[in-house]
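Below: model.txt (compact mmCIF, C-alpha atoms)
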# COMPACT_ATOMS: atom_id res chain seq x y z
CA MET A 165 52.68 14.43 14.89
CA THR A 166 55.50 11.90 14.45
CA ALA A 167 54.15 9.79 17.33
CA PHE A 168 50.60 10.10 16.03
CA LYS A 169 51.62 9.05 12.51
CA SER A 170 53.63 6.08 13.80
CA LEU A 171 50.79 4.84 15.99
CA ALA A 172 48.16 5.28 13.29
CA THR A 173 50.34 3.52 10.71
CA ALA A 174 50.95 0.61 13.09
CA MET A 175 47.22 0.25 13.78
CA VAL A 176 46.37 0.28 10.06
CA LYS A 177 49.02 -2.36 9.29
CA ILE A 178 47.76 -4.59 12.10
CA PHE A 179 44.26 -4.23 10.70
CA TYR A 180 44.84 -5.08 7.04
CA ARG A 181 47.38 -7.84 7.74
CA ASP A 182 44.79 -9.79 9.73
CA LYS A 183 42.68 -11.58 7.09
CA ALA A 184 40.04 -12.65 9.63
CA THR A 185 39.55 -9.03 10.70
CA LEU A 186 39.19 -7.93 7.09
CA PHE A 187 36.59 -10.65 6.50
CA PHE A 188 34.43 -9.76 9.52
CA THR A 189 34.79 -6.03 8.85
CA PHE A 190 33.85 -5.96 5.17
CA VAL A 191 32.73 -9.33 3.77
CA PHE A 192 30.62 -10.66 6.65
CA PRO A 193 28.24 -7.67 7.05
CA LEU A 194 28.20 -7.21 3.27
CA MET A 195 26.84 -10.75 2.95
CA PHE A 196 23.71 -9.67 4.85
CA LEU A 197 23.25 -6.70 2.53
CA VAL A 198 23.58 -8.90 -0.56
CA VAL A 199 21.28 -11.66 0.77
CA PHE A 200 18.53 -9.31 2.00
CA GLY A 201 18.91 -7.08 -1.04
CA LEU A 202 18.42 -9.99 -3.45
CA LEU A 203 15.70 -11.56 -1.31
CA PHE A 204 13.53 -8.43 -1.16
CA ARG A 205 14.57 -6.93 -4.49
CA ASP A 206 11.13 -7.44 -6.05
CA ALA A 207 9.10 -7.20 -2.84
CA GLY A 208 7.63 -3.83 -3.79
CA THR A 209 6.33 -5.03 -7.15
CA SER A 210 4.75 -8.38 -6.19
CA ARG A 211 0.97 -8.70 -6.48
CA THR A 212 -1.41 -11.33 -5.19
CA GLU A 213 -2.59 -13.64 -7.97
CA ILE A 214 -6.25 -14.71 -8.03
CA ALA A 215 -8.43 -16.57 -10.50
CA VAL A 216 -11.24 -14.81 -12.38
CA VAL A 217 -14.06 -16.13 -14.55
CA GLY A 218 -16.23 -14.03 -16.84
CA ASP A 219 -16.10 -10.28 -17.31
CA GLY A 220 -17.90 -7.13 -16.23
CA PRO A 221 -17.49 -3.99 -14.12
CA VAL A 222 -16.32 -5.89 -11.03
CA ILE A 223 -13.56 -7.76 -12.87
CA THR A 224 -12.58 -4.50 -14.56
CA GLY A 225 -12.49 -2.75 -11.18
CA LEU A 226 -10.27 -5.48 -9.69
CA ARG A 227 -7.87 -5.09 -12.60
CA GLN A 228 -7.75 -1.32 -12.17
CA THR A 229 -6.80 -1.52 -8.48
CA GLY A 230 -3.33 -2.69 -9.52
CA ALA A 231 -3.05 -4.74 -6.32
CA LEU A 232 -4.10 -8.07 -7.84
CA GLU A 233 -2.83 -10.17 -10.70
CA LEU A 234 -5.81 -11.71 -12.47
CA THR A 235 -5.50 -15.16 -14.07
CA ARG A 236 -8.45 -15.99 -16.30
CA PHE A 237 -10.15 -19.42 -16.34
CA GLY A 238 -12.95 -20.76 -18.51
CA THR A 239 -15.27 -22.19 -15.84
CA VAL A 240 -16.06 -21.63 -12.18
CA ASP A 241 -15.25 -25.27 -11.35
CA GLU A 242 -11.78 -24.97 -12.86
CA ALA A 243 -11.03 -21.75 -10.99
CA GLU A 244 -12.41 -23.14 -7.71
CA ARG A 245 -10.23 -26.23 -8.13
CA GLN A 246 -7.13 -24.01 -8.24
CA VAL A 247 -8.14 -22.44 -4.93
CA ARG A 248 -8.99 -25.78 -3.31
CA ASN A 249 -5.62 -27.22 -4.33
CA GLY A 250 -3.80 -24.28 -2.77
CA ASP A 251 -2.44 -22.95 -6.07
CA LEU A 252 -4.29 -19.63 -5.72
CA PRO A 253 -5.64 -17.87 -2.62
CA ALA A 254 -9.03 -16.87 -4.11
CA MET A 255 -11.27 -16.71 -7.18
CA VAL A 256 -13.92 -14.28 -8.42
CA ALA A 257 -16.53 -15.15 -11.03
CA GLU A 258 -18.82 -12.53 -12.58
CA ASP A 259 -21.96 -13.63 -14.39
CA GLY A 260 -24.32 -10.71 -15.00
CA ASP A 261 -25.38 -9.35 -11.61
CA ARG A 262 -24.12 -12.39 -9.71
CA ILE A 263 -20.62 -12.36 -8.18
CA THR A 264 -19.13 -15.61 -6.85
CA TYR A 265 -16.18 -15.35 -4.47
CA ARG A 266 -14.29 -18.34 -3.08
CA PHE A 267 -11.15 -18.21 -0.93
CA ALA A 268 -8.71 -20.54 0.82
CA GLN A 269 -9.14 -20.48 4.60
CA SER A 270 -5.63 -21.93 4.99
CA ASP A 271 -4.12 -18.53 4.15
CA GLN A 272 -6.20 -16.13 6.22
CA THR A 273 -3.89 -13.14 5.69
CA GLN A 274 -4.09 -13.19 1.91
CA ALA A 275 -7.77 -14.12 2.04
CA SER A 276 -8.52 -11.08 4.22
CA VAL A 277 -6.61 -8.76 1.90
CA VAL A 278 -8.29 -10.08 -1.25
CA SER A 279 -11.69 -10.09 0.45
CA GLY A 280 -11.33 -6.43 1.42
CA ILE A 281 -10.38 -5.48 -2.14
CA VAL A 282 -13.26 -7.46 -3.68
CA GLN A 283 -15.84 -6.03 -1.26
CA GLY A 284 -14.54 -2.51 -1.86
CA VAL A 285 -14.82 -2.88 -5.64
CA ILE A 286 -18.33 -4.38 -5.39
CA SER A 287 -19.48 -1.55 -3.10
CA HIS A 288 -18.12 1.01 -5.55
CA VAL A 289 -19.84 -0.69 -8.51
CA ASN A 290 -23.14 -0.89 -6.57
CA GLN A 291 -22.93 2.80 -5.71
CA GLN A 292 -22.31 3.70 -9.34
CA ALA A 293 -25.30 1.61 -10.38
CA THR A 294 -27.61 3.75 -8.25
CA GLY A 295 -26.65 6.87 -10.19
CA GLN A 296 -26.05 8.81 -6.96
CA PRO A 297 -22.94 11.02 -6.68
CA GLU A 298 -20.20 9.90 -4.30
CA ARG A 299 -20.40 11.59 -0.90
CA TYR A 300 -16.89 10.71 0.30
CA THR A 301 -13.67 10.70 -1.68
CA LEU A 302 -10.40 9.09 -0.69
CA ASP A 303 -6.97 10.63 -1.27
CA ALA A 304 -4.51 7.76 -0.70
CA ARG A 305 -0.82 7.69 -1.54
CA ASN A 306 2.45 6.62 0.06
CA VAL A 307 4.39 9.28 1.96
CA GLU A 308 7.76 8.34 0.45
CA ASP A 309 8.95 8.54 -3.12
CA SER A 310 7.14 5.85 -5.10
CA SER A 311 10.46 4.79 -6.63
CA LEU A 312 11.87 3.61 -3.28
CA LYS A 313 12.94 -0.01 -3.18
CA PRO A 314 13.52 -2.30 -0.18
CA ILE A 315 17.29 -1.91 -0.60
CA GLN A 316 16.94 1.72 0.54
CA TYR A 317 15.47 0.54 3.84
CA ILE A 318 17.91 -2.35 4.22
CA THR A 319 21.16 -0.49 3.51
CA PRO A 320 21.12 2.04 6.43
CA GLY A 321 20.45 -0.61 9.09
CA ILE A 322 22.95 -3.20 7.83
CA MET A 323 25.61 -0.52 7.26
CA SER A 324 25.15 0.90 10.77
CA TRP A 325 25.42 -2.57 12.26
CA GLY A 326 28.59 -3.35 10.27
CA VAL A 327 30.19 -0.11 11.43
CA ALA A 328 29.16 -0.82 15.04
CA VAL A 329 30.72 -4.29 14.96
CA SER A 330 33.96 -2.94 13.49
CA ALA A 331 34.26 -0.05 15.98
CA VAL A 332 33.46 -2.11 19.09
CA PHE A 333 35.63 -5.10 18.21
CA GLY A 334 38.47 -2.97 16.84
CA ALA A 335 38.75 -0.82 19.97
CA ALA A 336 38.21 -3.65 22.47
CA LEU A 337 40.56 -6.22 20.94
CA THR A 338 43.31 -3.68 20.26
CA LEU A 339 43.21 -2.44 23.86
CA VAL A 340 43.24 -5.95 25.34
CA SER A 341 45.98 -7.21 23.00
CA TRP A 342 48.23 -4.21 23.59
CA ARG A 343 47.81 -4.48 27.35
CA ARG A 344 48.65 -8.21 27.42
CA LYS A 345 51.69 -7.71 25.18
CA GLN A 346 52.94 -4.77 27.30
CA VAL A 347 52.60 -2.40 24.34
CA LEU A 348 50.57 0.05 26.42
CA ARG A 349 53.24 -0.02 29.12
CA ARG A 350 55.93 0.88 26.60
CA ILE A 351 53.79 3.67 25.14
CA ARG A 352 53.18 5.03 28.64
CA LEU A 353 56.92 5.11 29.34
CA ALA A 354 57.63 6.71 25.95
CA PRO A 355 57.31 10.47 25.37
CA VAL A 356 53.83 10.04 23.88
CA ALA A 357 50.80 11.81 25.32
CA VAL A 358 47.65 9.83 26.07
CA PRO A 359 45.50 12.05 23.77
CA THR A 360 47.85 11.17 20.90
CA VAL A 361 47.28 7.43 21.41
CA LEU A 362 43.53 7.90 21.70
CA THR A 363 43.33 10.20 18.68
CA ALA A 364 45.30 7.76 16.52
CA ARG A 365 42.91 4.94 17.40
CA VAL A 366 39.86 7.14 16.76
CA VAL A 367 41.17 8.29 13.37
CA VAL A 368 41.88 4.70 12.29
CA THR A 369 38.41 3.58 13.46
CA VAL A 370 36.71 6.42 11.58
CA GLY A 371 38.77 5.70 8.46
CA ILE A 372 37.80 2.02 8.50
CA ALA A 373 34.14 2.94 9.02
CA ILE A 374 34.20 5.35 6.08
CA ALA A 375 35.75 2.63 3.91
CA GLN A 376 32.96 0.27 5.02
CA ALA A 377 30.31 2.84 4.18
CA LEU A 378 31.76 3.44 0.72
CA VAL A 379 31.80 -0.30 0.02
CA PHE A 380 28.22 -0.74 1.26
CA ILE A 381 26.90 2.22 -0.71
CA GLY A 382 28.87 1.21 -3.79
CA VAL A 383 27.46 -2.34 -3.77
CA ALA A 384 23.91 -1.15 -3.05
CA LEU A 385 24.12 1.34 -5.95
CA LEU A 386 24.69 -1.51 -8.43
CA PRO A 387 21.77 -1.96 -10.87
CA VAL A 388 21.00 -5.40 -9.43
CA PHE A 389 20.03 -3.73 -6.13
CA GLY A 390 19.04 -0.24 -7.30
CA LEU A 391 19.83 1.98 -4.31
CA ARG A 392 19.01 5.64 -4.92
CA LEU A 393 20.43 8.32 -2.64
CA THR A 394 17.30 10.44 -2.45
CA GLY A 395 16.45 13.33 -0.22
CA THR A 396 18.93 15.08 2.06
CA TRP A 397 21.26 12.09 2.29
CA TYR A 398 24.31 14.24 3.10
CA LEU A 399 22.78 15.13 6.49
CA ALA A 400 23.37 11.52 7.53
CA ILE A 401 27.12 12.25 7.79
CA PRO A 402 27.10 13.78 11.33
CA VAL A 403 24.87 10.96 12.59
CA PHE A 404 27.24 8.45 11.01
CA LEU A 405 30.32 9.99 12.62
CA LEU A 406 28.71 10.29 16.06
CA GLY A 407 27.59 6.67 15.78
CA ILE A 408 31.17 5.59 15.12
CA LEU A 409 32.37 7.45 18.22
CA ALA A 410 29.57 5.95 20.33
CA PHE A 411 30.57 2.41 19.42
CA PHE A 412 34.24 3.23 19.80
CA ALA A 413 33.45 4.29 23.38
CA ILE A 414 31.67 0.97 23.96
CA GLY A 415 34.71 -0.87 22.61
CA MET A 416 37.02 1.04 24.95
CA LEU A 417 34.79 0.17 27.90
CA VAL A 418 34.71 -3.52 26.95
CA GLY A 419 38.49 -3.52 26.48
CA ALA A 420 39.01 -1.87 29.86
CA PHE A 421 37.19 -4.64 31.71
CA CYS A 422 38.33 -7.73 29.77
CA LYS A 423 41.66 -9.44 30.34
CA THR A 424 41.88 -11.65 27.22
CA GLU A 425 40.93 -11.41 23.55
CA GLU A 426 38.47 -14.27 23.99
CA ALA A 427 36.69 -12.48 26.83
CA ALA A 428 36.62 -9.24 24.82
CA THR A 429 35.13 -11.04 21.81
CA GLY A 430 32.40 -12.62 23.94
CA ALA A 431 31.58 -9.38 25.73
CA ALA A 432 31.45 -7.43 22.48
CA ASN A 433 29.07 -10.00 20.98
CA ILE A 434 26.82 -9.81 24.04
CA VAL A 435 26.59 -6.05 23.53
CA VAL A 436 26.32 -5.79 19.74
CA LEU A 437 24.10 -8.73 18.73
CA PRO A 438 21.09 -8.04 21.02
CA MET A 439 21.41 -4.35 20.15
CA ALA A 440 21.18 -5.20 16.44
CA PHE A 441 17.94 -7.13 16.86
CA LEU A 442 16.42 -4.54 19.21
CA SER A 443 17.36 -1.52 17.09
CA GLY A 444 15.72 -2.31 13.74
CA THR A 445 18.78 -3.60 11.89
CA PHE A 446 17.22 -6.76 10.47
CA PHE A 447 13.50 -5.89 10.68
CA PRO A 448 11.51 -2.65 11.08
CA ILE A 449 11.38 -1.76 14.77
CA ASP A 450 7.98 -0.09 14.21
CA GLN A 451 6.48 -3.57 13.85
CA ALA A 452 7.98 -4.77 17.15
CA PRO A 453 5.96 -4.98 20.42
CA PRO A 454 5.71 -1.72 22.42
CA TRP A 455 8.00 -2.97 25.22
CA MET A 456 10.73 -3.77 22.66
CA ARG A 457 10.43 -0.33 21.06
CA THR A 458 10.76 1.27 24.50
CA ILE A 459 13.89 -0.72 25.38
CA SER A 460 15.46 0.06 22.00
CA GLU A 461 15.39 3.79 22.80
CA ILE A 462 18.37 3.37 25.15
CA PHE A 463 20.61 1.86 22.45
CA PRO A 464 22.81 4.09 20.27
CA LEU A 465 22.29 1.78 17.29
CA ARG A 466 18.55 2.56 17.32
CA HIS A 467 19.21 6.29 17.02
CA MET A 468 21.94 5.78 14.44
CA ASN A 469 19.57 3.61 12.36
CA ASP A 470 16.74 6.14 12.66
CA GLY A 471 19.02 9.05 11.80
CA MET A 472 20.45 7.34 8.74
CA MET A 473 16.95 6.31 7.63
CA ASP A 474 15.57 9.82 8.07
CA PHE A 475 18.01 11.27 5.56
CA LEU A 476 18.76 8.39 3.19
CA VAL A 477 15.10 7.37 2.78
CA ARG A 478 12.67 9.87 4.22
CA GLY A 479 14.42 13.03 3.03
CA LYS A 480 13.96 14.96 6.29
CA ASP A 481 15.53 18.35 6.85
CA ALA A 482 18.23 19.41 9.31
CA GLY A 483 15.71 19.59 12.15
CA ALA A 484 15.73 15.79 12.33
CA LEU A 485 19.39 15.90 13.39
CA VAL A 486 18.57 17.14 16.89
CA VAL A 487 17.37 13.94 18.60
CA PRO A 488 19.87 11.40 17.22
CA CYS A 489 22.83 13.78 17.58
CA LEU A 490 21.94 14.73 21.17
CA VAL A 491 21.38 11.12 22.21
CA LEU A 492 24.58 9.87 20.56
CA THR A 493 26.62 12.75 21.98
CA GLY A 494 25.29 12.11 25.48
CA PHE A 495 26.05 8.41 25.11
CA ILE A 496 29.62 9.17 23.99
CA LEU A 497 30.24 11.45 26.97
CA VAL A 498 28.79 9.09 29.59
CA VAL A 499 30.37 5.88 28.32
CA GLY A 500 33.63 7.66 27.48
CA VAL A 501 33.98 9.00 31.03
CA ILE A 502 33.29 5.56 32.51
CA ALA A 503 35.81 3.93 30.15
CA ALA A 504 38.44 6.52 31.09
CA ARG A 505 37.90 5.89 34.81
CA VAL A 506 38.26 2.10 34.59
CA PHE A 507 41.08 2.19 32.01
CA GLN A 508 44.27 0.31 32.98
CA TRP A 509 47.68 0.50 31.35
CA GLU A 510 48.66 -2.92 32.69
CA ASP A 511 46.86 -6.01 33.95
CA ALA A 512 46.52 -5.98 37.71

Mind turning this structure into structure tokens?
Amino acid sequence: MTAFKSLATAMVKIFYRDKATLFFTFVFPLMFLVVFGLLFRDAGTSRTEIAVVGDGPVITGLRQTGALELTRFGTVDEAERQVRNGDLPAMVAEDGDRITYRFAQSDQTQASVVSGIVQGVISHVNQQATGQPERYTLDARNVEDSSLKPIQYITPGIMSWGVAVSAVFGAALTLVSWRRKQVLRRIRLAPVAVPTVLTARVVVTVGIAIAQALVFIGVALLPVFGLRLTGTWYLAIPVFLLGILAFFAIGMLVGAFCKTEEAATGAANIVVLPMAFLSGTFFPIDQAPPWMRTISEIFPLRHMNDGMMDFLVRGKDAGALVVPCLVLTGFILVVGVIAARVFQWEDA
């Protein structure tokens, strides 16, 4: 225990005395959370604004959908001018039984959305005018809690990525630095068992990751962002811990191959950055092409992201632990064995 305590204390002191390491561990990933959190803070409440002229059942129906923000104008020409100038994507004028709809072709996405809403409302009004009962009814609602905000989707991915960066770089750079400075050689000659050295590094890595998570969650819980820990969020803990160990194993493997800190930094970036983009850290992976979703299945960050999202956002039960925990455990065992086989106490 004395050797373990001494090693762990030395690793912690090396960590917090290096200002650059502190910046890239806490401040740098937190910047992404703050930027994306502020950028998409009101994304769930925004509505498409269109111009309307006149009044009647169609205009009333458009207002009741809640998907459009109606701006009233006095004449059709005035409303159409707003659309032609690009200030608004569309306009609807209701004069008795006549409905006039004009849209801007330059924004086909918004035009298609508004057009679908307008046609749906007109069809509903026409059906009501016939006096016939509705044959089909629609039960539509979102599957998550309606109070969810974008920050609850952003936080798990950015936090997982920040932890991955810290674990990989921390393990790789420490191993390379200690080998070059003959620290590993001295430890090997000292009466210290290899498991003690490894355990000390793992404990320090886990402690740093927990501190990162607390900072991320604490910032996201601020009123300006509005994170809410809904559902079975506590079930994310085993996924979080297994994710830390998976990236620690990657860091050990990188550190075993690299001879200098510069090489270790480059190799770690090559591993972590593509993994972040292919694992749904910065954008939903469900919207990616099929080939990208297939490739992402081999990355531990994808399963860590999905596991964290399942419990922090979707409120799934313990059954959802099986896949991410099995994949991450298998990854730890395979990469850990490879790292142990290629490990070197001294540079050849």

Residue nearest A:Ala373 among A:Leu497, A:Ala328, A:Val418, A:Leu399 (counting all atoms listed in the file):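 With all atoms listed in the file as the atom set, the closest residue is A:Ala328.
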
Spatial neighbours of A:Ala231, 12 Å, all atoms listed in the file, chain gap at least 3 places, as a list in words: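 Within the cut-off, the hits are Gly208, Thr209, Ser210, Arg211, Thr212, Glu213, Ile214, Gly225, Leu226, Arg227, Gln228, Leu234, Gln274, Val277, Val278, Gly280, Ile281, Val282 and Val285 of chain A.
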
Who sits within 12 Å of A:Leu378, only C-alpha atoms, same chain under 4 positions skipped, as JSON, numbers by chain: {"A": [190, 194, 319, 323, 327, 371, 372, 373, 374, 382, 383, 384, 385]}

Shell of 12 Å around A:Ala174, only C-alpha atoms, local chain residues under 4 positions omitted, as a PyMOL selection string: chain A and resi 167-170+178-181+338+342+347+361+364-365+368

Pick from A:Ala440, A:Val289, A:Ala331, A:Val222, whichever lies nearest to A:Tyr265 using all atoms listed in the file: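 Under the stated criterion, the closest residue is A:Val222.
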
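For stretch 469-472 of chain A, the list of residues within 9 Å, based on all atoms listed in the file and with local chain neighbours fewer than 2 positions off taken out, reads Pro320, Gly321, Ile322, Met323, Ser324, Trp325, Trp397, Leu399, Ala400, Ile401, Val403, Phe404, Ser443, Gly444, Thr445, Pro464, Leu465, Arg466, His467, Asp474, Phe475, Leu476, Val477, Ala484, Leu485, Val487, Pro488 and Cys489 of chain A.
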
Interatomic distance, atom CA of A:Ser287 to atom CA of A:Gln269 (Å, one decimal): 22.9 Å

Distance of atom CA of A:Gly419 from atom CA of A:Phe333, expressed in Å to one decimal place: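 Value for the atom CA of A:Phe333-atom CA of A:Gly419 distance: 8.9 Å.
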
Go through stretch 347-389 of chain A residue by residue and, counting only C-alpha atoms, keep those with an atom at most 10 Å from stretch 409-415 of chain A; for each kept residue give the shortest atom pair and its distance in Å to one decimal, ordered by chain and increasing number, as a tab-separated table.
residue	atom	partner	partner_atom	distance
A:Arg365	CA	A:Phe412	CA	9.2
A:Val366	CA	A:Phe412	CA	7.5
A:Thr369	CA	A:Phe412	CA	7.6
A:Val370	CA	A:Leu409	CA	8.0

Distance criterion (all atoms listed in the file): nearest to A:Ala268 out of A:Pro297, A:Gly284, A:Gly250, A:Pro355: A:Gly250

Distance of atom CA of A:Val217 from atom CA of A:Val256, expressed in Å to one decimal place: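 Computing the Euclidean distance for atom CA of A:Val256 and atom CA of A:Val217 yields 6.4 Å.
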
Give me, as a PDB file with C-alpha atoms, in the coordinates of the input, all polymer residues having an atom no more than 12 Å from A:Gly430, counting all atoms listed in the file and skipping those fewer than 5 positions away in the same chain.
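Output saved as result-v5.pdb:
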ATOM      1  CA  VAL A 332      33.460  -2.110  19.090  1.00  0.00           C
ATOM      2  CA  PHE A 333      35.630  -5.100  18.210  1.00  0.00           C
ATOM      3  CA  ALA A 336      38.210  -3.650  22.470  1.00  0.00           C
ATOM      4  CA  LEU A 337      40.560  -6.220  20.940  1.00  0.00           C
ATOM      5  CA  VAL A 418      34.710  -3.520  26.950  1.00  0.00           C
ATOM      6  CA  GLY A 419      38.490  -3.520  26.480  1.00  0.00           C
ATOM      7  CA  CYS A 422      38.330  -7.730  29.770  1.00  0.00           C
ATOM      8  CA  LYS A 423      41.660  -9.440  30.340  1.00  0.00           C
ATOM      9  CA  THR A 424      41.880 -11.650  27.220  1.00  0.00           C
ATOM     10  CA  GLU A 425      40.930 -11.410  23.550  1.00  0.00           C
ATOM     11  CA  VAL A 435      26.590  -6.050  23.530  1.00  0.00           C
ATOM     12  CA  VAL A 436      26.320  -5.790  19.740  1.00  0.00           C
ATOM     13  CA  LEU A 437      24.100  -8.730  18.730  1.00  0.00           C
TER      14      LEU A 437
END

Of the listed residues A:Thr173, A:Gln316, A:Gln346, A:Thr294, that which approaches A:Phe200 most closely, counting all atoms listed in the file: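 Under the stated criterion, the closest residue is A:Gln316.
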
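For the residues A:Thr273, A:Gln376, A:Gln296, A:Thr264, ranking by smallest atom-to-atom distance to A:Asp241 using all atoms listed in the file places A:Thr264 first.
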
From A:Ser279, A:Gln291, A:Gly326, A:Trp509, residue lying nearest A:Val340 [all atoms listed in the file]: A:Trp509
